[in-house]
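Structure data (mmCIF, C-alpha atoms and all ligand atoms) from query_3.cif:
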```cif
data_query
#
loop_
_atom_site.label_atom_id
_atom_site.label_comp_id
_atom_site.auth_asym_id
_atom_site.auth_seq_id
_atom_site.Cartn_x
_atom_site.Cartn_y
_atom_site.Cartn_z
CA MET A 389 -3.75 -12.98 6.86
CA ALA A 390 -0.91 -11.44 4.85
CA ALA A 391 0.57 -14.92 4.44
CA ALA A 392 -2.79 -16.29 3.30
CA LEU A 393 -2.92 -13.66 0.58
CA GLY A 394 0.64 -14.66 -0.36
CA GLN A 395 -0.57 -18.20 -1.00
CA ARG A 396 -2.98 -16.85 -3.62
CA ASP A 397 -0.70 -14.20 -5.08
CA PRO A 398 3.05 -14.33 -4.32
CA TYR A 399 3.69 -10.91 -5.92
CA THR A 400 1.18 -9.22 -3.62
CA HIS A 401 2.79 -10.78 -0.55
CA ALA A 402 6.30 -9.55 -1.41
CA HIS A 403 4.82 -6.20 -2.41
CA ALA A 404 3.07 -5.88 0.96
CA GLN A 405 6.32 -6.54 2.83
CA ARG A 406 8.08 -3.82 0.86
CA VAL A 407 5.19 -1.37 1.26
CA ALA A 408 5.29 -1.96 5.03
CA ALA A 409 9.03 -1.24 5.08
CA TYR A 410 8.72 1.91 2.96
CA SER A 411 5.75 3.08 5.05
CA ARG A 412 7.84 2.62 8.17
CA ARG A 413 10.72 4.66 6.74
CA LEU A 414 8.43 7.49 5.61
CA SER A 415 6.58 7.52 8.95
CA GLU A 416 9.81 7.65 10.94
CA ARG A 417 11.00 10.51 8.73
CA ILE A 418 8.04 12.61 9.89
CA GLY A 419 8.41 11.61 13.52
CA ILE A 420 5.65 9.01 13.90
CA ASP A 421 6.46 6.40 16.52
CA GLY A 422 4.90 4.03 19.07
CA ASP A 423 1.47 2.52 18.44
CA ASP A 424 0.83 4.87 15.50
CA LEU A 425 3.96 3.58 13.77
CA ARG A 426 3.10 -0.05 14.50
CA ALA A 427 -0.38 0.43 13.06
CA ILE A 428 1.01 1.96 9.86
CA ILE A 429 3.48 -0.91 9.41
CA LEU A 430 0.70 -3.46 9.87
CA GLY A 431 -1.53 -1.40 7.59
CA GLY A 432 1.20 -1.57 4.94
CA MET A 433 1.40 -5.34 5.31
CA LEU A 434 -2.36 -5.75 5.14
CA HIS A 435 -3.35 -2.97 2.74
CA ASP A 436 -4.38 -5.38 -0.03
CA VAL A 437 -5.73 -8.13 2.25
CA GLY A 438 -9.17 -7.65 0.71
CA LYS A 439 -7.80 -9.27 -2.46
CA LEU A 440 -8.34 -12.55 -0.60
CA GLY A 441 -11.97 -12.09 -1.55
CA LEU A 442 -11.39 -11.62 -5.30
CA SER A 443 -12.17 -14.39 -7.78
CA ASP A 444 -9.43 -16.59 -9.27
CA ARG A 445 -9.80 -15.03 -12.72
CA ILE A 446 -8.41 -11.77 -11.33
CA PHE A 447 -5.22 -13.47 -10.15
CA SER A 448 -4.73 -15.38 -13.41
CA ASN A 449 -5.23 -12.26 -15.53
CA LYS A 450 -1.92 -10.97 -16.94
CA GLN A 451 -3.29 -8.11 -19.03
CA ALA A 452 -2.83 -4.47 -18.02
CA ALA A 453 -6.32 -3.55 -19.19
CA LEU A 454 -9.15 -5.14 -17.23
CA SER A 455 -12.76 -5.32 -18.38
CA LYS A 456 -15.11 -2.86 -16.66
CA GLU A 457 -16.60 -5.69 -14.67
CA MET A 458 -13.21 -7.00 -13.53
CA LEU A 459 -12.07 -3.48 -12.65
CA GLY A 460 -15.15 -3.08 -10.48
CA GLU A 461 -14.31 -6.31 -8.70
CA VAL A 462 -10.68 -5.28 -8.11
CA GLN A 463 -11.82 -1.92 -6.76
CA SER A 464 -13.92 -3.66 -4.13
CA HIS A 465 -10.79 -4.89 -2.31
CA PRO A 466 -10.50 -1.98 0.16
CA LEU A 467 -14.07 -2.56 1.37
CA ILE A 468 -13.64 -6.34 1.52
CA GLY A 469 -10.41 -5.90 3.52
CA ALA A 470 -11.94 -3.43 5.97
CA GLN A 471 -14.97 -5.68 6.49
CA LEU A 472 -12.66 -8.63 7.12
CA LEU A 473 -10.51 -6.78 9.67
CA SER A 474 -13.53 -5.27 11.42
CA LYS A 475 -14.45 -8.78 12.57
CA PHE A 476 -11.35 -8.67 14.79
CA LYS A 477 -10.22 -6.28 17.52
CA CYS A 478 -8.14 -4.39 15.00
CA PRO A 479 -6.78 -0.88 15.66
CA LYS A 480 -8.72 1.79 13.75
CA ALA A 481 -5.65 3.09 11.89
CA ILE A 482 -5.02 -0.31 10.28
CA ILE A 483 -8.59 -0.44 9.01
CA GLU A 484 -8.27 3.16 7.76
CA VAL A 485 -5.18 2.20 5.74
CA VAL A 486 -6.92 -0.81 4.22
CA LEU A 487 -10.07 1.19 3.45
CA CYS A 488 -8.49 4.42 2.15
CA HIS A 489 -5.20 3.51 0.43
CA HIS A 490 -6.73 4.05 -3.04
CA GLU A 491 -8.28 7.42 -2.26
CA ARG A 492 -6.70 10.31 -4.15
CA MET A 493 -6.00 13.88 -3.07
CA ASP A 494 -8.28 15.32 -5.77
CA GLY A 495 -11.20 13.09 -4.74
CA SER A 496 -11.03 10.83 -7.80
CA GLY A 497 -10.04 7.70 -5.88
CA TYR A 498 -12.10 4.90 -4.40
CA PRO A 499 -14.08 3.60 -2.53
CA PHE A 500 -15.48 6.91 -1.21
CA GLY A 501 -13.90 9.66 -3.31
CA LEU A 502 -12.41 11.33 -0.22
CA ALA A 503 -10.23 14.37 -0.93
CA GLY A 504 -7.24 16.07 0.72
CA GLY A 505 -7.64 16.34 4.47
CA GLU A 506 -10.53 13.87 4.49
CA ILE A 507 -8.04 11.06 3.82
CA PRO A 508 -6.40 9.74 7.01
CA LEU A 509 -2.65 10.44 7.24
CA CYS A 510 -1.86 6.75 7.77
CA ALA A 511 -3.56 5.91 4.44
CA LYS A 512 -1.74 8.73 2.62
CA ILE A 513 1.60 7.38 3.84
CA VAL A 514 0.87 3.82 2.72
CA SER A 515 -0.48 5.12 -0.58
CA VAL A 516 2.84 6.86 -1.36
CA ALA A 517 4.79 3.72 -0.40
CA ASP A 518 2.39 1.55 -2.43
CA CYS A 519 2.83 3.65 -5.58
CA PHE A 520 6.60 3.81 -5.24
CA ASP A 521 6.89 0.03 -4.95
CA ALA A 522 4.45 -0.56 -7.82
CA ILE A 523 6.53 1.66 -10.10
CA THR A 524 9.93 0.21 -9.16
CA THR A 525 9.15 -3.52 -9.33
CA ASP A 526 8.32 -5.85 -12.23
CA ARG A 527 4.67 -6.81 -12.64
CA PRO A 528 3.24 -9.31 -15.13
CA TYR A 529 2.12 -6.47 -17.39
CA GLN A 530 4.68 -3.78 -16.64
CA ARG A 531 8.47 -3.61 -16.36
CA ARG A 532 10.01 -1.78 -13.44
CA LYS A 533 11.13 1.81 -13.95
CA SER A 534 14.55 3.20 -13.06
CA LEU A 535 14.74 5.30 -9.92
CA THR A 536 15.18 8.48 -11.96
CA HIS A 537 12.07 7.66 -13.99
CA ALA A 538 10.18 6.62 -10.84
CA PHE A 539 10.88 9.98 -9.20
CA ILE A 540 9.54 11.80 -12.28
CA ILE A 541 6.35 9.69 -12.21
CA MET A 542 5.94 10.23 -8.46
CA LYS A 543 6.30 14.01 -8.89
CA GLU A 544 3.65 13.92 -11.63
CA MET A 545 1.31 12.08 -9.26
CA ALA A 546 2.01 14.46 -6.36
CA GLY A 547 -0.81 16.88 -5.63
CA ALA A 548 -3.70 15.37 -7.60
CA CYS A 549 -3.14 11.76 -6.63
CA LEU A 550 -0.59 11.56 -3.81
CA ASP A 551 0.04 13.95 -0.92
CA ALA A 552 2.69 16.29 -2.33
CA GLU A 553 4.65 16.76 0.89
CA LEU A 554 4.77 13.03 1.67
CA THR A 555 5.79 12.24 -1.91
CA ASP A 556 8.67 14.71 -1.67
CA LEU A 557 9.76 13.17 1.65
CA MET A 558 9.58 9.64 0.20
CA ILE A 559 11.84 10.69 -2.69
CA GLN A 560 14.26 12.31 -0.21
CA GLU A 561 14.24 9.13 1.90
CA ILE A 562 15.02 6.89 -1.09
CA LYS A 563 17.75 9.24 -2.31
CA ALA A 564 19.30 9.23 1.17
CA ASN A 565 18.94 5.56 2.09
CA GLY A 566 18.23 3.62 -1.10
CA THR A 567 15.55 1.07 -1.87
CA GLU A 568 16.43 -1.37 0.89
CA SER A 569 13.01 -2.62 1.86
CA ILE A 570 13.59 -5.86 3.69
CA LEU A 571 11.33 -6.05 6.70
CA PRO A 572 12.47 -8.88 8.96
CA VAL A 573 9.94 -10.57 11.22
CA ASP A 574 8.84 -7.35 12.75
CA PRO A 575 9.48 -7.17 16.48
CA ILE A 576 7.60 -3.92 16.88
CA ALA A 577 4.45 -5.14 15.18
CA THR A 578 3.98 -8.00 17.59
CA PRO A 579 3.18 -6.07 20.79
CA LEU A 580 0.34 -4.22 19.06
CA LEU A 581 -1.34 -7.43 18.04
CA GLN A 582 -0.92 -8.82 21.53
CA ALA A 583 -2.30 -5.65 23.06
CA VAL A 584 -5.62 -5.57 21.20
FE FE A 601 -4.72 -1.93 -3.04
#
```
What is this structure when it is put down as structure tokens?
Amino acid sequence: MAAALGQRDPYTHAHAQRVAAYSRRLSERIGIDGDDLRAIILGGMLHDVGKLGLSDRIFSNKQAALSKEMLGEVQSHPLIGAQLLSKFKCPKAIIEVVLCHHERMDGSGYPFGLAGGEIPLCAKIVSVADCFDAITTDRPYQRRKSLTHAFIIMKEMAGACLDAELTDLMIQEIKANGTESILPVDPIATPLLQAV
């Protein structure tokens, strides 16, 4: 499914690989392992899979500002993704990541407006990784920021938008181990898929 999305939108595919790798590093930093870790990695890879259901005009749009109608369509991708995955025997944590990765700590996110502790930990982790990668890579409408600038932006987002503790740990992880985010064909993700 992640590869299918890559056929429609190459940036999103590469982004998903990096988000999976950053999510793995952040999860390992807080001691998550086993099936929980595998689910978070797969959730990182699949977090935007619902974009498969968006219309072509969204992918061809290169403007930062979307019309209200287009924004509404883009914001439907967590629900589309969760509905898609729910047709398979997919671990709950993966669906939670897909569904809740745009929720915000202050309740201003989507699709449900969940706040703080209502947001599953797995989704909070992927959300931090997602934001970090979005800030530090070139997009059609936005140049990448330096690491120093990225850390400032992340700290501004911590609390209201991102989980403050996880954001701090992500910054520590990047400072300690750099931005290496290559995720080879993931040997630990495979057993989970075979097991379900
Ligand atoms: Fe997303």
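Closest approach to Met545 of chain A from the set A:Ile446, A:Ile420, A:Ile482, A:Val516 is made by A:Val516, with distances taken over all atoms listed in the file.
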Self-check item: Contacts with ligand FE 601 (chain A) at most 10 Å, only C-alpha atoms and all ligand atoms counted, listed as a list of chain:residue names
Solution: A:Thr400, A:Ala404, A:Gly432, A:Leu434, A:His435, A:Asp436, A:Val437, A:Gly438, A:Lys439, A:Val462, A:Gln463, A:Ser464, A:His465, A:Pro466, A:Gly469, A:Val485, A:Val486, A:Leu487, A:Cys488, A:His489, A:His490, A:Val514, A:Ser515, A:Asp518, A:Cys519
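Taking atom CA of Asp444 of chain A and atom CA of Arg406 of chain A as endpoints, the distance between them is 23.9 Å.
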Quiz prompt | Within 12 Å of segment 459-461 of chain A using only C-alpha atoms, minus same-chain residues under 3 positions, as number ranges by chain | solution = A: 438-447, 449, 451-456, 464-468, 498-499
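Here atom CA of Gln530 of chain A is placed at a distance of 20.8 Å from atom CA of Tyr410 of chain A.
Neighbouring residues of His537 of chain A at 12 Å or closer, counting all atoms listed in the file and skipping chain neighbours under 3 positions away, are Phe520, Ile523, Thr524, Arg532, Lys533, Ser534, Ile540, Ile541, Met542, Lys543, Glu544 and Ile559 of chain A.
Across the model, the gap from atom CA of Gly497 of chain A to atom CA of Gln471 of chain A is 18.9 Å.
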Please give the centre and size of the box around segment 513-530 of chain A (axis-aligned, containing every atom listed in the file, 3 Å added per side), with values in Å to one decimal and written as AutoDock Vina command-line options.
```
--center_x 4.7 --center_y -1.0 --center_z -6.8 --size_x 16.4 --size_y 22.7 --size_z 27.2
```
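Near Ile562 of chain A, within 12 Å and counting all atoms listed in the file, sit Ala409, Tyr410, Ser411, Arg413, Leu414, Arg417, Ala517, Phe520, Asp521, Thr524, Leu535, Thr536, Ala538, Phe539, Thr555, Asp556, Glu568 and Ser569 of chain A; same-chain residues fewer than 6 positions away were not included.
You can rank A:Ala481, A:Leu557, A:Met493, A:Ala470 by their closest distance to Ala427 of chain A using only C-alpha atoms, and at the top of that list sits A:Ala481.
Each of A:Ala564, A:Met458, A:Ala390, A:Cys510 was compared to Leu425 of chain A using only C-alpha atoms, and A:Cys510 turns out to be the nearest.
With all atoms listed in the file as the atoms that count, the minimum distance from Asp551 of chain A to the choices A:Thr567, A:Tyr529, A:Gln405, A:Glu491 is reached by A:Glu491.
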